[in-house]
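*Asks:* Before anything else, here's the structure in question.
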Amino acid sequence: MIRELDEKLYYSDCTLCPNSCHVNRTAGEIGVCGQSSEIRIAWSGLHRGEEPPVSGEKGSGMIFFCGCPLKCQYCQNFQISRTTSPSWLTVTTEELKQIMLELQNFGATTLNLVTGTHYIPSIINALNLARSEGFSLPVVWNSSGYETVSALRMIDSFIDLYLLDAKAIDSSVASSFCATSKYPSVLYPVLSFLKKRHPSTDIEGLKGVLIRHLVFPGTVRQSKEFLHYFADNFKDNFYLSLMTQFVPPKELSPEQSFPKMTDNEYESLANLLDELDIDGFIQERSENEILWIPDFTQDQPFPEGFADPLPFFLKLKGRKKPSD
């Protein structure tokens, strides 16, 4: 028998993320994440831009949730993490369940839940319902790393692979790029929790933890310090994905320019990965950097060939008026 979580219990005094806003989201009160208790998603479909095992042949089945507990200054998904739009889709738990099933029917390799922290009770209920109707995809928790251990404990049994950011372990870098200097102090217990729960990772079997680290402009030295920290503490437990293309949306930094990573810096990072014997991935360099910024005002936010919108999601968007 499926035991349904009382979503109101969690949303009426919300402490799901490290901000612990204690707002009553069921009454329309808004905390840092910017969302009420209504489930709002910006896009769903197959995406082939994730790490190869996560994307698979046809793509990872993405659900991009609106809002975010962490307001990074230069977020590439700023349209849905920092702003609101009447075009985002409000769904019920039943409809969220159906989106999960439709992604499976659409040929998704994985179910990829993007920034779902502030909707954990609803996601758990939807996953329970989906499993009762034959859902069996590996579930990926795609997160900024800005989590509470208590919230992760709630959803841990539902997650096969954590695709988790480790943005910074330097408080000054976190303050400059993650909007809060306390990001490292939040991240450390999360990584320790995941190491205890998932002491080994089978990346091809989509089990365990894959850590993403983005190198911010002018912080190659701090990223090298992070790689040493990762090697000392987690290389036998987790995989690493090193991301090197920082692209600030023009809307957030119209007049601000950042130094681009040099070829020598890139090579030094790649060499350090080898020296430290870290298993994982490194992002390839590309001249066409703007491709990495999606446009969620479109039914197809990603470059042609990168993604396929879920027909059921488009059907729901067409059926529901923006004012719903």
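Residues in the structure tokens are named by chain (A, B, ... in the order shown) and by number from 1 within that chain; ligands are numbered from 1 in the order shown.
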Check the DSSP output for the backbone and give back, as a PyMOL selection string, the residues of range 53-265 of chain A in alpha helix (DSSP H).
*Replies:* chain A and resi 53-55+78-81+93-105+120-132+149-155+171-177+183-197+220-233+263-265
*Asks:* Restrict the calculation to only C-alpha atoms, then for each residue of range 86-175 of chain A with any atom at most 9 Å from an atom of range 194-206 of chain A give the closest atom pair and their distance in Å to one decimal, rows by chain and rising residue number, as a tab-separated table.
*Replies:*
residue	atom	partner	partner_atom	distance
A:Thr110	CA	A:Leu206	CA	8.6
A:Pro138	CA	A:Leu206	CA	6.9
A:Val139	CA	A:Leu206	CA	8.6
A:Val140	CA	A:Leu206	CA	8.3
A:Val149	CA	A:Leu194	CA	9.0
A:Leu152	CA	A:Leu194	CA	9.0
A:Asp156	CA	A:Arg197	CA	8.5
A:Asp160	CA	A:Leu206	CA	6.5
A:Leu161	CA	A:Leu206	CA	5.6
A:Tyr162	CA	A:Leu194	CA	8.7
*Asks:* Would you output that residue set with N, CA and C atoms, as a PDB file, in the first residue's frame?
*Replies:*
ATOM      1  N   THR A 110      16.883   8.116 -18.443  1.00  0.00           N
ATOM      2  CA  THR A 110      16.756   8.386 -17.011  1.00  0.00           C
ATOM      3  C   THR A 110      15.649   9.404 -16.795  1.00  0.00           C
ATOM      4  N   PRO A 138      15.798   4.766 -13.988  1.00  0.00           N
ATOM      5  CA  PRO A 138      16.688   5.284 -12.953  1.00  0.00           C
ATOM      6  C   PRO A 138      16.388   6.763 -12.719  1.00  0.00           C
ATOM      7  N   VAL A 139      16.358   7.171 -11.454  1.00  0.00           N
ATOM      8  CA  VAL A 139      16.004   8.548 -11.103  1.00  0.00           C
ATOM      9  C   VAL A 139      17.264   9.324 -10.745  1.00  0.00           C
ATOM     10  N   VAL A 140      17.439  10.478 -11.399  1.00  0.00           N
ATOM     11  CA  VAL A 140      18.598  11.345 -11.192  1.00  0.00           C
ATOM     12  C   VAL A 140      18.157  12.583 -10.427  1.00  0.00           C
ATOM     13  N   VAL A 149      20.529  17.877   4.853  1.00  0.00           N
ATOM     14  CA  VAL A 149      20.618  16.430   4.984  1.00  0.00           C
ATOM     15  C   VAL A 149      19.253  15.843   5.315  1.00  0.00           C
ATOM     16  N   LEU A 152      17.289  15.454   2.115  1.00  0.00           N
ATOM     17  CA  LEU A 152      17.820  14.371   1.295  1.00  0.00           C
ATOM     18  C   LEU A 152      17.472  13.007   1.881  1.00  0.00           C
ATOM     19  N   ASP A 156      16.033  10.083  -0.440  1.00  0.00           N
ATOM     20  CA  ASP A 156      17.187   9.259  -0.807  1.00  0.00           C
ATOM     21  C   ASP A 156      16.799   7.897  -1.369  1.00  0.00           C
ATOM     22  N   ASP A 160      18.476   7.081  -7.659  1.00  0.00           N
ATOM     23  CA  ASP A 160      19.509   6.141  -8.096  1.00  0.00           C
ATOM     24  C   ASP A 160      20.855   6.835  -8.247  1.00  0.00           C
ATOM     25  N   LEU A 161      20.852   8.003  -8.901  1.00  0.00           N
ATOM     26  CA  LEU A 161      22.097   8.726  -9.136  1.00  0.00           C
ATOM     27  C   LEU A 161      21.931  10.188  -8.735  1.00  0.00           C
ATOM     28  N   TYR A 162      22.821  10.657  -7.885  1.00  0.00           N
ATOM     29  CA  TYR A 162      22.872  12.078  -7.546  1.00  0.00           C
ATOM     30  C   TYR A 162      23.786  12.781  -8.552  1.00  0.00           C
TER      31      TYR A 162
END
*Asks:* Could you give me, as CSV, a per-residue list for range 91-126 of chain A showing, wherever an atom lies at most 9 Å from an atom of range 12-36 of chain A, the closest pair of atoms and their distance in Å to one decimal, using only C-alpha atoms and sorting by chain then residue number from low to high?
*Replies:*
residue,atom,partner,partner_atom,distance
A:Thr117,CA,A:Cys17,CA,6.7
A:His118,CA,A:Leu16,CA,5.9
A:Tyr119,CA,A:Leu16,CA,8.3
A:Ile120,CA,A:Leu16,CA,7.8
*Asks:* Go ahead and compute the interatomic distance for CA of Phe135 in chain A and CA of Ser122 in chain A, in Å to one decimal.
*Replies:*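 Interatomic distance, CA of Phe135 in chain A to CA of Ser122 in chain A: 16.4 Å.
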*Asks:* Show which residues sit within 9 Å of Leu314 in chain A, as an NGL selection string. Count only C-alpha atoms, and ignore same-chain residues fewer than 5 positions away.
*Replies:* :A and (43-44 or 299 or 309 or 319)
*Asks:* Give me the range 38-130 of chain A side of the contact with range 240-249 of chain A, cut-off 12 Å, one line per residue showing its nearest atom pair and distance in Å at one decimal, counting only C-alpha atoms, sorted by chain and residue number, as a tab-separated table.
*Replies:*
residue	atom	partner	partner_atom	distance
A:Glu50	CA	A:Ser241	CA	10.2
A:Glu51	CA	A:Ser241	CA	7.9
A:Pro52	CA	A:Ser241	CA	10.9
A:Pro53	CA	A:Ser241	CA	11.9
A:Val54	CA	A:Ser241	CA	11.9
A:Cys72	CA	A:Pro248	CA	10.6
A:Gln73	CA	A:Pro248	CA	8.8
A:Tyr74	CA	A:Pro248	CA	5.2
A:Cys75	CA	A:Pro248	CA	7.1
A:Gln76	CA	A:Pro249	CA	6.1
A:Asn77	CA	A:Pro249	CA	8.8
A:Phe78	CA	A:Pro249	CA	8.0
A:Gln79	CA	A:Pro249	CA	9.8
*Asks:* Using backbone DSSP assignments, extract all strand (DSSP E) residues from range 149-180 of chain A; output them as a CSV table (one decimal) with all heavy atoms, in the first residue's frame.
*Replies:*
chain,number,residue,atom,x,y,z
A,161,LEU,N,20.9,8.0,-8.9
A,161,LEU,CA,22.1,8.7,-9.1
A,161,LEU,C,21.9,10.2,-8.7
A,161,LEU,O,21.0,10.9,-9.2
A,161,LEU,CB,22.5,8.7,-10.6
A,161,LEU,CG,23.8,9.4,-11.0
A,161,LEU,CD1,25.0,8.6,-10.4
A,161,LEU,CD2,23.9,9.5,-12.5
A,162,TYR,N,22.8,10.7,-7.9
A,162,TYR,CA,22.9,12.1,-7.5
A,162,TYR,C,23.8,12.8,-8.6
A,162,TYR,O,25.0,12.4,-8.7
A,162,TYR,CB,23.4,12.3,-6.1
A,162,TYR,CG,22.4,12.0,-5.1
A,162,TYR,CD1,22.3,10.7,-4.5
A,162,TYR,CD2,21.5,12.9,-4.6
A,162,TYR,CE1,21.4,10.3,-3.5
A,162,TYR,CE2,20.6,12.6,-3.6
A,162,TYR,CZ,20.6,11.3,-3.1
A,162,TYR,OH,19.7,11.0,-2.1
A,163,LEU,N,23.3,13.8,-9.3
A,163,LEU,CA,24.0,14.6,-10.1
A,163,LEU,C,24.1,16.0,-9.5
A,163,LEU,O,23.3,16.8,-9.7
A,163,LEU,CB,23.3,14.7,-11.5
A,163,LEU,CG,24.1,15.4,-12.6
A,163,LEU,CD1,25.5,14.9,-12.8
A,163,LEU,CD2,23.2,15.4,-13.9
A,164,LEU,N,25.1,16.1,-8.6
A,164,LEU,CA,25.1,17.2,-7.6
A,164,LEU,C,26.2,18.2,-7.9
A,164,LEU,O,27.4,17.8,-8.1
A,164,LEU,CB,25.3,16.6,-6.2
A,164,LEU,CG,24.8,17.4,-5.1
A,164,LEU,CD1,23.3,17.3,-4.9
A,164,LEU,CD2,25.5,16.9,-3.8
A,165,ASP,N,25.9,19.5,-7.9
A,165,ASP,CA,26.9,20.5,-8.0
A,165,ASP,C,27.7,20.6,-6.7
A,165,ASP,O,27.2,20.5,-5.6
A,165,ASP,CB,26.3,21.9,-8.2
A,165,ASP,CG,25.7,22.0,-9.6
A,165,ASP,OD1,26.0,21.1,-10.5
A,165,ASP,OD2,25.0,23.0,-9.8
*Asks:* Can you work out which one of A:Ile278, A:Met261, A:Ile155, A:Leu272 has the shortest atom-to-atom distance to Asp232 in chain A, counting only C-alpha atoms?
*Replies:*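 Checking each of A:Ile278, A:Met261, A:Ile155, A:Leu272 against Asp232 in chain A, counting only C-alpha atoms, the winner is A:Ile278.
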*Asks:* If you measure from CA of Gly67 in chain A to CA of Glu7 in chain A, what distance in Å do you get, rounded to one decimal?
*Replies:* 17.6 Å
*Asks:* Let me make sure I understand: among A:Arg3, A:Leu273, A:Asp170, A:Phe216, which one has the smallest atom-to-atom distance to Ser132 in chain A if we use only C-alpha atoms?
*Replies:* A:Arg3
*Asks:* Range 32-61 of chain A near range 80-100 of chain A within 6 Å: what's each residue's closest atom pair and its distance in Å to one decimal, counting only C-alpha atoms, ordered by chain then ascending residue number, as JSON lines?
*Replies:*
{"residue": "A:Ile39", "atom": "CA", "partner": "A:Val91", "partner_atom": "CA", "distance": 5.6}
{"residue": "A:Arg40", "atom": "CA", "partner": "A:Thr90", "partner_atom": "CA", "distance": 4.4}
{"residue": "A:Ile41", "atom": "CA", "partner": "A:Leu89", "partner_atom": "CA", "distance": 5.3}
{"residue": "A:Ala42", "atom": "CA", "partner": "A:Trp88", "partner_atom": "CA", "distance": 4.9}
*Asks:* With all heavy atoms retained, could you export that selection as a PDB file, in the first residue's frame?
*Replies:*
ATOM      1  N   ILE A  39       2.907  23.041  -7.715  1.00  0.00           N
ATOM      2  CA  ILE A  39       4.042  22.507  -8.453  1.00  0.00           C
ATOM      3  C   ILE A  39       4.109  23.219  -9.805  1.00  0.00           C
ATOM      4  O   ILE A  39       3.166  23.151 -10.594  1.00  0.00           O
ATOM      5  CB  ILE A  39       3.907  20.995  -8.682  1.00  0.00           C
ATOM      6  CG1 ILE A  39       3.570  20.270  -7.385  1.00  0.00           C
ATOM      7  CG2 ILE A  39       5.188  20.430  -9.296  1.00  0.00           C
ATOM      8  CD1 ILE A  39       3.074  18.851  -7.595  1.00  0.00           C
ATOM      9  N   ARG A  40       5.228  23.882 -10.057  1.00  0.00           N
ATOM     10  CA  ARG A  40       5.384  24.588 -11.326  1.00  0.00           C
ATOM     11  C   ARG A  40       6.628  24.083 -12.034  1.00  0.00           C
ATOM     12  O   ARG A  40       7.701  23.994 -11.439  1.00  0.00           O
ATOM     13  CB  ARG A  40       5.472  26.101 -11.096  1.00  0.00           C
ATOM     14  CG  ARG A  40       4.262  26.663 -10.361  1.00  0.00           C
ATOM     15  CD  ARG A  40       4.377  28.166 -10.175  1.00  0.00           C
ATOM     16  NE  ARG A  40       4.102  28.871 -11.416  1.00  0.00           N
ATOM     17  CZ  ARG A  40       4.592  30.065 -11.714  1.00  0.00           C
ATOM     18  NH1 ARG A  40       5.441  30.658 -10.891  1.00  0.00           N
ATOM     19  NH2 ARG A  40       4.271  30.663 -12.844  1.00  0.00           N
ATOM     20  N   ILE A  41       6.460  23.734 -13.299  1.00  0.00           N
ATOM     21  CA  ILE A  41       7.586  23.262 -14.100  1.00  0.00           C
ATOM     22  C   ILE A  41       7.688  24.109 -15.374  1.00  0.00           C
ATOM     23  O   ILE A  41       6.686  24.600 -15.898  1.00  0.00           O
ATOM     24  CB  ILE A  41       7.477  21.763 -14.443  1.00  0.00           C
ATOM     25  CG1 ILE A  41       6.203  21.460 -15.222  1.00  0.00           C
ATOM     26  CG2 ILE A  41       7.530  20.927 -13.176  1.00  0.00           C
ATOM     27  CD1 ILE A  41       6.093  20.006 -15.630  1.00  0.00           C
ATOM     28  N   ALA A  42       8.919  24.266 -15.845  1.00  0.00           N
ATOM     29  CA  ALA A  42       9.164  25.125 -17.005  1.00  0.00           C
ATOM     30  C   ALA A  42       9.295  24.331 -18.299  1.00  0.00           C
ATOM     31  O   ALA A  42       8.967  24.854 -19.372  1.00  0.00           O
ATOM     32  CB  ALA A  42      10.428  25.951 -16.790  1.00  0.00           C
TER      33      ALA A  42
END
*Asks:* What gap, in Å, lies between CA of Asn142 in chain A and CA of Gln283 in chain A?
*Replies:*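 According to the coordinates, CA of Asn142 in chain A and CA of Gln283 in chain A are separated by 17.2 Å.
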*Asks:* Looking at only C-alpha atoms, which of A:Phe193, A:Pro254, A:Lys260, A:Phe234 is the one that sits closest to Thr219 in chain A?
*Replies:*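 Closest to Thr219 in chain A of all the choices is A:Lys260.
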*Asks:* Considering only C-alpha atoms, state which residue in the set A:Leu316, A:Cys68, A:Ala231, A:Ala168 is at the smallest distance from Arg212 in chain A.
*Replies:*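 Closest candidate: A:Ala168.
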